[in-house]
Amino acid sequence: MPVHTTRAAFAGLAGLTILGLCLWGQQGKGPVAPDTTAIPQLTDITASTKIHFNHLASPDKKYIVESMSGGVALIDYDRDGWPDIYFTNAPDVDMQLAGRKARSALFHNNHDGTFSDVTEKAGIGYPCWANGAAAGDYNNDGRPDLLVTCFGGVVLYRNNGDGTFTDVTKEAGLGADTLWATGATFGDYDGDGWQDLFVSHYAAFDLHDLPAFGSMVTCEYHTIKVQCGPAGLKGSPDNLYRNNGDGTFSDVSQKAGVAGPANLLGLTAVWSDFNNDGRPDLFVANDGANNYLYRNDGNGRFTEMGFQAGVALEENGKALANMGVALGDYLHTGRFSIAISHFSEQYLQLFRNDGGLSFTDVSNISGVAQPTIHHVGWGDAFFDVDNDGWLDLILVNGHVYPQVDQAKIGISYREPSQLFLNRRDGGFRDVSGLAGAALRVPRVGRGLAVGDLFNDGTLEVVIENLEGEPVILRPQVAARNHWISFELAGASGNKLALNARIKITAGDVTQTDEVRSGGSYLSQNDLRLHFGLGSRRQADRVEIRWPSGQSEVLTSLPADRFYCVKEGDGAVPCSAVRPAAASHR
């Protein structure tokens, strides 16, 4: 927010081979030399998926609370190995005051390129005024549960394993939260095998004391009257909930030192081990203020290191409208850098991880700053769009004020998305205008999540828009590069293996990634870890560092396959890492 395909395309899916190790893929085909001059084309396949969903929206967006929703989660809720999709929804102020609700929706993956709406059976259609969603396994049964952040707290849905969910918010000890919750992320910060939960909060906003549209200087944009905020609005504290291991959580925010005493406007949050010490640290993007980077000290406490680490502000010392957060090892250093989306007349910010919990703002020299100045960015992700072994970067845009079109300043309410290809030299090439007409369609974008929806080695991009239907973009590339993907499972604790790390070596390229809950803009990517391999036919060495501290090494794994790996047992049949698939018909 501001500071001031057709079915034919999936016909081959039926012929995918399921091996003893739960492997799918293309086999017996030699590598195709990559065409280095070709630009991947992102095509809109939404219609062929049979997904129909509309995010509700007031036409004028008179209040800031009407502009912030739109998170999307890829969550394999029935554990059949195919990602399903959950979209959050929110009413406008008038609807809310009249007692009318907005329907969020869960779509089941039918394994044939289509999805079915299973919201009613699942029981997760009306959680709240829903903002974002994150996946976790709070009761450690191996099934992903769903946490929805709300204007008015959070809702925790327990996955019952039969295609349904149960609201366990109160019994889990999360019912006391009545604030405007935005980002959420699960992670085992204390290493006890149980996933803890962090929730960031946004403005202290009262529906019964609404700031009048355009009534103050903070309610204007280029002299045009607009909604008020976030400038001039008070922020809220954040919450860390420790998992007690018995189905409940305890609020340890103050004790752990992550409550955010300055009451900033928190948006996206994510756990990640930024300094490679085996403990998940915590990053929180704060709108219009300094970001937080909490170093995990290993004793149940954290030290806020944002300024020291160089990620609190932009390179000239200014606070930006920090919104969406993407993490990735785009340089092959084994360290996760941070990309943050921002408001118009700012830019997409890229913090290079230099090691030792030190970052450098390389937004300008990397080539991502200038092309993003005129856009309002939200969901973002590092992902390998062409499977060449190098992480690219995608950004979804959309302004906040419908009134901005009246300003005639070269900034529009509906904006195209953007794609940056990794140049392999520390920089990115903006190919937004060359990557297909679907990418260039102006939209009011918000959430974004990435995952291999059709289990064929291609990563799709799922976008939720604040207005209208979502969009699913599928890359089409000239060359067929190789890939490899992993689904990880902890042996006893942390069965979803959140923050487990994989280091993969294939020929002359080494890549690193980590299983994460939350991120992007209030969204959830596929929990499986996908690596492009280019022309390389196998992963020579795969090193896994589990959240328990144990390490494991696999060698000579053929490419173009999915591997299920259980802690201590190596590659196993997927039935060994997943509870029985639920009946959803």
# chains A, B, ... in the order shown; residues from 1 in each chain; ligands from 1

call {"tool": "select_by_dssp", "arguments": {"residues": "segment 127-270 of chain A", "states": "strand (DSSP E or B)", "output": "PyMOL selection string"}}
result
chain A and resi 130-136+145-151+153-159+165-167+180-187+196-201+220-221+224-225+228+239-243+249-251+266-270

call {"tool": "residues_around", "arguments": {"residues": "Pro261 of chain A", "least_positions_apart": "5", "cutoff": "9 Å", "atoms": "only C-alpha atoms", "output": "list in words"}}
result
Ser236, Pro237, Asp238 and Gln254 of chain A

call {"tool": "closest_residue", "arguments": {"among": "A:Asn131, A:Ala478, A:Arg537, A:Pro558", "to": "Arg446 of chain A", "atoms": "only C-alpha atoms"}}
result
A:Asn131

call {"tool": "residues_around", "arguments": {"residues": "Leu421 of chain A", "least_positions_apart": "3", "cutoff": "8 Å", "atoms": "only C-alpha atoms", "output": "CSV table (one decimal) with N, CA, C and O atoms, in the first residue's frame"}}
result
chain,number,residue,atom,x,y,z
A,391,LEU,N,17.0,-18.8,-11.3
A,391,LEU,CA,15.8,-18.3,-10.8
A,391,LEU,C,15.5,-16.9,-11.5
A,391,LEU,O,16.3,-16.0,-11.5
A,392,ASP,N,14.3,-16.9,-12.0
A,392,ASP,CA,13.7,-15.6,-12.6
A,392,ASP,C,12.8,-15.0,-11.6
A,392,ASP,O,12.6,-15.5,-10.5
A,393,LEU,N,12.2,-13.8,-11.9
A,393,LEU,CA,11.5,-13.1,-10.9
A,393,LEU,C,10.2,-12.6,-11.6
A,393,LEU,O,10.2,-12.0,-12.7
A,428,PHE,N,19.0,-8.9,-14.0
A,428,PHE,CA,17.8,-9.4,-14.6
A,428,PHE,C,17.5,-8.6,-15.9
A,428,PHE,O,17.7,-7.4,-15.9
A,429,ARG,N,16.9,-9.2,-16.8
A,429,ARG,CA,16.4,-8.6,-18.0
A,429,ARG,C,14.9,-8.5,-18.0
A,429,ARG,O,14.2,-9.5,-17.8
A,430,ASP,N,14.4,-7.3,-18.2
A,430,ASP,CA,12.9,-7.1,-18.2
A,430,ASP,C,12.4,-7.6,-19.5
A,430,ASP,O,12.6,-6.9,-20.6
A,431,VAL,N,11.6,-8.7,-19.5
A,431,VAL,CA,11.0,-9.2,-20.7
A,431,VAL,C,9.5,-9.1,-20.7
A,431,VAL,O,8.8,-9.8,-21.4

call {"tool": "residues_around", "arguments": {"residues": "Ile411 of chain A", "least_positions_apart": "4", "cutoff": "10 Å", "atoms": "only C-alpha atoms", "output": "count of residues only"}}
result
12

call {"tool": "atom_distance", "arguments": {"atom1": "atom CA of Gly175 of chain A", "atom2": "atom CA of Leu156 of chain A"}}
result
9.4 Å

call {"tool": "residues_around", "arguments": {"residues": "Asp141 of chain A", "least_positions_apart": "5", "cutoff": "10 Å", "atoms": "only C-alpha atoms", "output": "PyMOL selection string"}}
result
chain A and resi 159-161+492-496+578-579

call {"tool": "write_last_selection", "arguments": {"atoms": "C-alpha atoms", "output": "PDB file, in the first residue's frame"}}
result
ATOM      1  CA  ASN A 159      -7.512 -30.550   8.034  1.00  0.00           C
ATOM      2  CA  ASN A 160      -9.658 -33.551   9.010  1.00  0.00           C
ATOM      3  CA  GLY A 161      -8.235 -35.833   6.342  1.00  0.00           C
ATOM      4  CA  SER A 492       8.389 -37.544  13.515  1.00  0.00           C
ATOM      5  CA  GLY A 493       8.297 -33.819  14.156  1.00  0.00           C
ATOM      6  CA  ASN A 494       7.536 -31.082  11.629  1.00  0.00           C
ATOM      7  CA  LYS A 495       6.125 -33.584   9.134  1.00  0.00           C
ATOM      8  CA  LEU A 496       5.625 -30.941   6.444  1.00  0.00           C
ATOM      9  CA  ARG A 578       1.409 -38.846   2.950  1.00  0.00           C
ATOM     10  CA  PRO A 579      -1.631 -39.882   4.966  1.00  0.00           C
TER      11      PRO A 579
END

call {"tool": "residues_around", "arguments": {"residues": "segment 71-78 of chain A", "least_positions_apart": "4", "cutoff": "7 Å", "atoms": "only C-alpha atoms", "output": "PDB file with N, CA, C and O atoms, in the first residue's frame"}}
result
ATOM      1  N   TRP A  82      -1.261 -33.560  -5.873  1.00  0.00           N
ATOM      2  CA  TRP A  82      -1.623 -32.555  -6.864  1.00  0.00           C
ATOM      3  C   TRP A  82      -2.066 -31.293  -6.137  1.00  0.00           C
ATOM      4  O   TRP A  82      -2.989 -31.340  -5.307  1.00  0.00           O
ATOM      5  N   PRO A  83      -1.450 -30.164  -6.415  1.00  0.00           N
ATOM      6  CA  PRO A  83      -1.784 -28.925  -5.680  1.00  0.00           C
ATOM      7  C   PRO A  83      -3.209 -28.455  -5.961  1.00  0.00           C
ATOM      8  O   PRO A  83      -3.656 -28.403  -7.109  1.00  0.00           O
ATOM      9  N   ASP A  84      -3.923 -28.127  -4.896  1.00  0.00           N
ATOM     10  CA  ASP A  84      -5.243 -27.525  -4.974  1.00  0.00           C
ATOM     11  C   ASP A  84      -5.087 -26.018  -4.734  1.00  0.00           C
ATOM     12  O   ASP A  84      -4.014 -25.552  -4.342  1.00  0.00           O
ATOM     13  N   ILE A  85      -6.159 -25.254  -4.945  1.00  0.00           N
ATOM     14  CA  ILE A  85      -6.045 -23.794  -4.889  1.00  0.00           C
ATOM     15  C   ILE A  85      -7.132 -23.204  -3.994  1.00  0.00           C
ATOM     16  O   ILE A  85      -8.314 -23.534  -4.135  1.00  0.00           O
ATOM     17  N   TYR A  86      -6.724 -22.325  -3.090  1.00  0.00           N
ATOM     18  CA  TYR A  86      -7.662 -21.606  -2.225  1.00  0.00           C
ATOM     19  C   TYR A  86      -7.516 -20.113  -2.475  1.00  0.00           C
ATOM     20  O   TYR A  86      -6.410 -19.575  -2.459  1.00  0.00           O
ATOM     21  N   PHE A  87      -8.659 -19.448  -2.723  1.00  0.00           N
ATOM     22  CA  PHE A  87      -8.693 -18.011  -2.918  1.00  0.00           C
ATOM     23  C   PHE A  87      -9.419 -17.351  -1.749  1.00  0.00           C
ATOM     24  O   PHE A  87     -10.512 -17.794  -1.369  1.00  0.00           O
ATOM     25  N   THR A  88      -8.844 -16.299  -1.185  1.00  0.00           N
ATOM     26  CA  THR A  88      -9.539 -15.562  -0.130  1.00  0.00           C
ATOM     27  C   THR A  88     -10.447 -14.506  -0.751  1.00  0.00           C
ATOM     28  O   THR A  88     -10.235 -14.070  -1.880  1.00  0.00           O
ATOM     29  N   ASN A 131      -8.072 -11.919   4.243  1.00  0.00           N
ATOM     30  CA  ASN A 131      -6.974 -11.252   3.560  1.00  0.00           C
ATOM     31  C   ASN A 131      -6.034 -12.253   2.903  1.00  0.00           C
ATOM     32  O   ASN A 131      -5.955 -12.355   1.695  1.00  0.00           O
ATOM     33  N   GLY A 132      -5.294 -13.010   3.711  1.00  0.00           N
ATOM     34  CA  GLY A 132      -4.310 -13.944   3.186  1.00  0.00           C
ATOM     35  C   GLY A 132      -4.486 -15.332   3.735  1.00  0.00           C
ATOM     36  O   GLY A 132      -5.374 -15.601   4.555  1.00  0.00           O
ATOM     37  N   ALA A 133      -3.619 -16.245   3.285  1.00  0.00           N
ATOM     38  CA  ALA A 133      -3.681 -17.637   3.741  1.00  0.00           C
ATOM     39  C   ALA A 133      -2.279 -18.234   3.743  1.00  0.00           C
ATOM     40  O   ALA A 133      -1.436 -17.872   2.917  1.00  0.00           O
ATOM     41  N   ALA A 134      -2.055 -19.142   4.680  1.00  0.00           N
ATOM     42  CA  ALA A 134      -0.772 -19.835   4.777  1.00  0.00           C
ATOM     43  C   ALA A 134      -1.016 -21.276   5.192  1.00  0.00           C
ATOM     44  O   ALA A 134      -1.971 -21.576   5.917  1.00  0.00           O
ATOM     45  N   ALA A 135      -0.141 -22.162   4.737  1.00  0.00           N
ATOM     46  CA  ALA A 135      -0.248 -23.582   5.062  1.00  0.00           C
ATOM     47  C   ALA A 135       0.719 -23.948   6.173  1.00  0.00           C
ATOM     48  O   ALA A 135       1.820 -23.413   6.270  1.00  0.00           O
ATOM     49  N   ARG A 143      -0.907 -33.642   7.494  1.00  0.00           N
ATOM     50  CA  ARG A 143      -1.869 -33.009   6.587  1.00  0.00           C
ATOM     51  C   ARG A 143      -1.773 -31.496   6.732  1.00  0.00           C
ATOM     52  O   ARG A 143      -1.798 -30.981   7.850  1.00  0.00           O
ATOM     53  N   PRO A 144      -1.725 -30.761   5.632  1.00  0.00           N
ATOM     54  CA  PRO A 144      -1.613 -29.304   5.738  1.00  0.00           C
ATOM     55  C   PRO A 144      -2.897 -28.680   6.253  1.00  0.00           C
ATOM     56  O   PRO A 144      -3.978 -28.902   5.703  1.00  0.00           O
ATOM     57  N   GLY A 161      -8.687 -34.669   7.088  1.00  0.00           N
ATOM     58  CA  GLY A 161      -8.235 -35.833   6.342  1.00  0.00           C
ATOM     59  C   GLY A 161      -9.313 -36.529   5.544  1.00  0.00           C
ATOM     60  O   GLY A 161      -9.063 -37.588   4.955  1.00  0.00           O
ATOM     61  N   GLY A 163     -11.444 -34.576   3.438  1.00  0.00           N
ATOM     62  CA  GLY A 163     -11.917 -33.554   2.513  1.00  0.00           C
ATOM     63  C   GLY A 163     -12.583 -32.385   3.194  1.00  0.00           C
ATOM     64  O   GLY A 163     -13.046 -31.462   2.526  1.00  0.00           O
ATOM     65  N   ARG A 446      -3.227  -8.784  -6.901  1.00  0.00           N
ATOM     66  CA  ARG A 446      -2.868  -8.827  -5.479  1.00  0.00           C
ATOM     67  C   ARG A 446      -2.011 -10.058  -5.187  1.00  0.00           C
ATOM     68  O   ARG A 446      -0.824 -10.041  -5.307  1.00  0.00           O
ATOM     69  N   GLY A 447      -2.599 -11.166  -4.812  1.00  0.00           N
ATOM     70  CA  GLY A 447      -1.829 -12.343  -4.427  1.00  0.00           C
ATOM     71  C   GLY A 447      -1.267 -13.099  -5.621  1.00  0.00           C
ATOM     72  O   GLY A 447      -1.792 -13.042  -6.730  1.00  0.00           O
ATOM     73  N   LEU A 448      -0.172 -13.808  -5.389  1.00  0.00           N
ATOM     74  CA  LEU A 448       0.463 -14.623  -6.418  1.00  0.00           C
ATOM     75  C   LEU A 448       1.103 -15.834  -5.763  1.00  0.00           C
ATOM     76  O   LEU A 448       1.753 -15.715  -4.722  1.00  0.00           O
ATOM     77  N   ALA A 449       0.906 -17.010  -6.375  1.00  0.00           N
ATOM     78  CA  ALA A 449       1.533 -18.234  -5.889  1.00  0.00           C
ATOM     79  C   ALA A 449       2.005 -19.060  -7.073  1.00  0.00           C
ATOM     80  O   ALA A 449       1.395 -19.047  -8.148  1.00  0.00           O
ATOM     81  N   GLU A 464      -4.378 -13.935  -7.927  1.00  0.00           N
ATOM     82  CA  GLU A 464      -5.701 -13.485  -7.508  1.00  0.00           C
ATOM     83  C   GLU A 464      -5.774 -11.978  -7.689  1.00  0.00           C
ATOM     84  O   GLU A 464      -4.889 -11.244  -7.239  1.00  0.00           O
ATOM     85  N   TYR A 521       2.622 -12.009  -1.600  1.00  0.00           N
ATOM     86  CA  TYR A 521       1.765 -11.082  -0.882  1.00  0.00           C
ATOM     87  C   TYR A 521       0.623 -11.883  -0.279  1.00  0.00           C
ATOM     88  O   TYR A 521      -0.294 -12.312  -0.987  1.00  0.00           O
ATOM     89  N   LEU A 522       0.724 -12.176   1.006  1.00  0.00           N
ATOM     90  CA  LEU A 522      -0.314 -12.864   1.773  1.00  0.00           C
ATOM     91  C   LEU A 522      -0.706 -14.180   1.112  1.00  0.00           C
ATOM     92  O   LEU A 522      -1.880 -14.579   1.147  1.00  0.00           O
ATOM     93  N   SER A 523       0.252 -14.892   0.531  1.00  0.00           N
ATOM     94  CA  SER A 523      -0.043 -16.080  -0.261  1.00  0.00           C
ATOM     95  C   SER A 523       0.841 -17.253   0.121  1.00  0.00           C
ATOM     96  O   SER A 523       1.702 -17.147   0.995  1.00  0.00           O
ATOM     97  N   GLN A 524       0.602 -18.390  -0.562  1.00  0.00           N
ATOM     98  CA  GLN A 524       1.307 -19.628  -0.248  1.00  0.00           C
ATOM     99  C   GLN A 524       1.673 -20.354  -1.539  1.00  0.00           C
ATOM    100  O   GLN A 524       0.804 -20.743  -2.317  1.00  0.00           O
ATOM    101  N   ASN A 525       2.981 -20.557  -1.757  1.00  0.00           N
ATOM    102  CA  ASN A 525       3.441 -21.351  -2.892  1.00  0.00           C
ATOM    103  C   ASN A 525       3.336 -22.835  -2.589  1.00  0.00           C
ATOM    104  O   ASN A 525       3.185 -23.255  -1.438  1.00  0.00           O
ATOM    105  N   ASP A 526       3.426 -23.652  -3.647  1.00  0.00           N
ATOM    106  CA  ASP A 526       3.507 -25.103  -3.520  1.00  0.00           C
ATOM    107  C   ASP A 526       4.666 -25.444  -2.588  1.00  0.00           C
ATOM    108  O   ASP A 526       5.773 -24.900  -2.712  1.00  0.00           O
ATOM    109  N   ALA A 581      -5.130 -40.467   0.978  1.00  0.00           N
ATOM    110  CA  ALA A 581      -5.828 -39.390   0.300  1.00  0.00           C
ATOM    111  C   ALA A 581      -7.296 -39.393   0.691  1.00  0.00           C
ATOM    112  O   ALA A 581      -7.925 -40.438   0.823  1.00  0.00           O
ATOM    113  N   ALA A 582      -7.838 -38.209   0.882  1.00  0.00           N
ATOM    114  CA  ALA A 582      -9.233 -38.084   1.269  1.00  0.00           C
ATOM    115  C   ALA A 582     -10.152 -38.263   0.080  1.00  0.00           C
ATOM    116  O   ALA A 582      -9.793 -37.982  -1.056  1.00  0.00           O
TER     117      ALA A 582
END

call {"tool": "atom_distance", "arguments": {"atom1": "atom CA of Gly355 of chain A", "atom2": "atom CA of Leu197 of chain A"}}
result
26.1 Å

call {"tool": "residues_around", "arguments": {"residues": "Asn387 of chain A", "least_positions_apart": "3", "cutoff": "8 Å", "atoms": "only C-alpha atoms", "output": "compact mmCIF listing (two decimals) with all heavy atoms, in the first residue's frame"}}
result
# COMPACT_ATOMS: atom_id res chain seq x y z
N ASP A 384 11.87 -20.55 -11.62
CA ASP A 384 12.60 -20.82 -12.86
C ASP A 384 11.59 -21.03 -13.98
O ASP A 384 11.11 -22.14 -14.21
CB ASP A 384 13.49 -22.05 -12.66
CG ASP A 384 14.48 -22.24 -13.80
OD1 ASP A 384 14.31 -21.60 -14.84
OD2 ASP A 384 15.41 -23.06 -13.63
N TRP A 390 18.30 -21.26 -13.43
CA TRP A 390 18.50 -19.94 -12.84
C TRP A 390 17.16 -19.33 -12.49
O TRP A 390 16.24 -19.30 -13.33
CB TRP A 390 19.28 -19.03 -13.79
CG TRP A 390 20.68 -19.48 -14.01
CD1 TRP A 390 21.11 -20.47 -14.86
CD2 TRP A 390 21.85 -18.99 -13.35
NE1 TRP A 390 22.48 -20.61 -14.77
CE2 TRP A 390 22.96 -19.71 -13.85
CE3 TRP A 390 22.07 -18.01 -12.39
CZ2 TRP A 390 24.27 -19.49 -13.42
CZ3 TRP A 390 23.39 -17.78 -11.96
CH2 TRP A 390 24.46 -18.51 -12.47
N THR A 458 6.46 -28.13 -15.32
CA THR A 458 6.32 -26.71 -15.64
C THR A 458 5.65 -25.99 -14.48
O THR A 458 4.63 -26.47 -13.97
CB THR A 458 5.49 -26.52 -16.92
OG1 THR A 458 6.19 -27.11 -18.02
CG2 THR A 458 5.25 -25.05 -17.21
N ASN A 481 13.81 -28.03 -21.33
CA ASN A 481 14.85 -28.22 -20.34
C ASN A 481 14.44 -29.25 -19.30
O ASN A 481 13.25 -29.51 -19.11
CB ASN A 481 15.18 -26.89 -19.65
CG ASN A 481 15.97 -25.96 -20.54
OD1 ASN A 481 16.83 -26.40 -21.30
ND2 ASN A 481 15.69 -24.67 -20.46
N HIS A 482 15.43 -29.82 -18.65
CA HIS A 482 15.15 -30.82 -17.63
C HIS A 482 14.86 -30.17 -16.28
O HIS A 482 15.13 -28.97 -16.06
CB HIS A 482 16.35 -31.78 -17.51
CG HIS A 482 16.59 -32.59 -18.74
ND1 HIS A 482 15.75 -33.58 -19.17
CD2 HIS A 482 17.60 -32.53 -19.67
CE1 HIS A 482 16.21 -34.12 -20.29
NE2 HIS A 482 17.34 -33.49 -20.61
N TRP A 483 14.33 -30.96 -15.35
CA TRP A 483 13.91 -30.46 -14.04
C TRP A 483 13.90 -31.61 -13.05
O TRP A 483 14.00 -32.79 -13.43
CB TRP A 483 12.51 -29.84 -14.11
CG TRP A 483 11.49 -30.80 -14.69
CD1 TRP A 483 11.22 -31.00 -16.01
CD2 TRP A 483 10.67 -31.73 -13.97
NE1 TRP A 483 10.27 -31.98 -16.17
CE2 TRP A 483 9.90 -32.44 -14.92
CE3 TRP A 483 10.50 -32.02 -12.61
CZ2 TRP A 483 8.99 -33.44 -14.56
CZ3 TRP A 483 9.58 -33.00 -12.24
CH2 TRP A 483 8.83 -33.71 -13.22
N PHE A 531 13.43 -27.62 -9.12
CA PHE A 531 14.69 -27.09 -9.65
C PHE A 531 14.77 -27.34 -11.15
O PHE A 531 14.56 -28.47 -11.62
CB PHE A 531 15.90 -27.78 -8.99
CG PHE A 531 15.98 -27.61 -7.51
CD1 PHE A 531 15.35 -28.51 -6.66
CD2 PHE A 531 16.67 -26.55 -6.95
CE1 PHE A 531 15.42 -28.37 -5.28
CE2 PHE A 531 16.75 -26.40 -5.57
CZ PHE A 531 16.12 -27.31 -4.74
N GLY A 532 15.04 -26.30 -11.92
CA GLY A 532 15.34 -26.47 -13.33
C GLY A 532 16.77 -26.94 -13.49
O GLY A 532 17.66 -26.53 -12.74
N LEU A 533 17.01 -27.80 -14.47
CA LEU A 533 18.34 -28.37 -14.66
C LEU A 533 18.95 -28.03 -16.01
O LEU A 533 20.08 -28.43 -16.29
CB LEU A 533 18.28 -29.90 -14.51
CG LEU A 533 17.85 -30.44 -13.14
CD1 LEU A 533 17.82 -31.97 -13.17
CD2 LEU A 533 18.76 -29.95 -12.04
N GLY A 534 18.24 -27.31 -16.85
CA GLY A 534 18.76 -27.03 -18.17
C GLY A 534 18.95 -28.31 -18.97
O GLY A 534 18.06 -29.16 -19.04

call {"tool": "select_by_dssp", "arguments": {"residues": "segment 239-349 of chain A", "states": "alpha helix (DSSP H)", "output": "number ranges by chain"}}
result
A: 253-256, 306-309

call {"tool": "closest_residue", "arguments": {"among": "A:Gly70, A:Gly232, A:Gly81, A:Gly436", "to": "Asn465 of chain A", "atoms": "only C-alpha atoms"}}
result
A:Gly70

call {"tool": "closest_residue", "arguments": {"among": "A:Ala90, A:Ala98, A:Ser272, A:Met68", "to": "Ala203 of chain A", "atoms": "only C-alpha atoms"}}
result
A:Met68

call {"tool": "atom_distance", "arguments": {"atom1": "atom CA of Thr360 of chain A", "atom2": "atom CA of Ala321 of chain A"}}
result
18.3 Å

call {"tool": "closest_residue", "arguments": {"among": "A:Leu527, A:Cys228, A:Leu557, A:Ala497", "to": "Arg541 of chain A", "atoms": "only C-alpha atoms"}}
result
A:Leu557
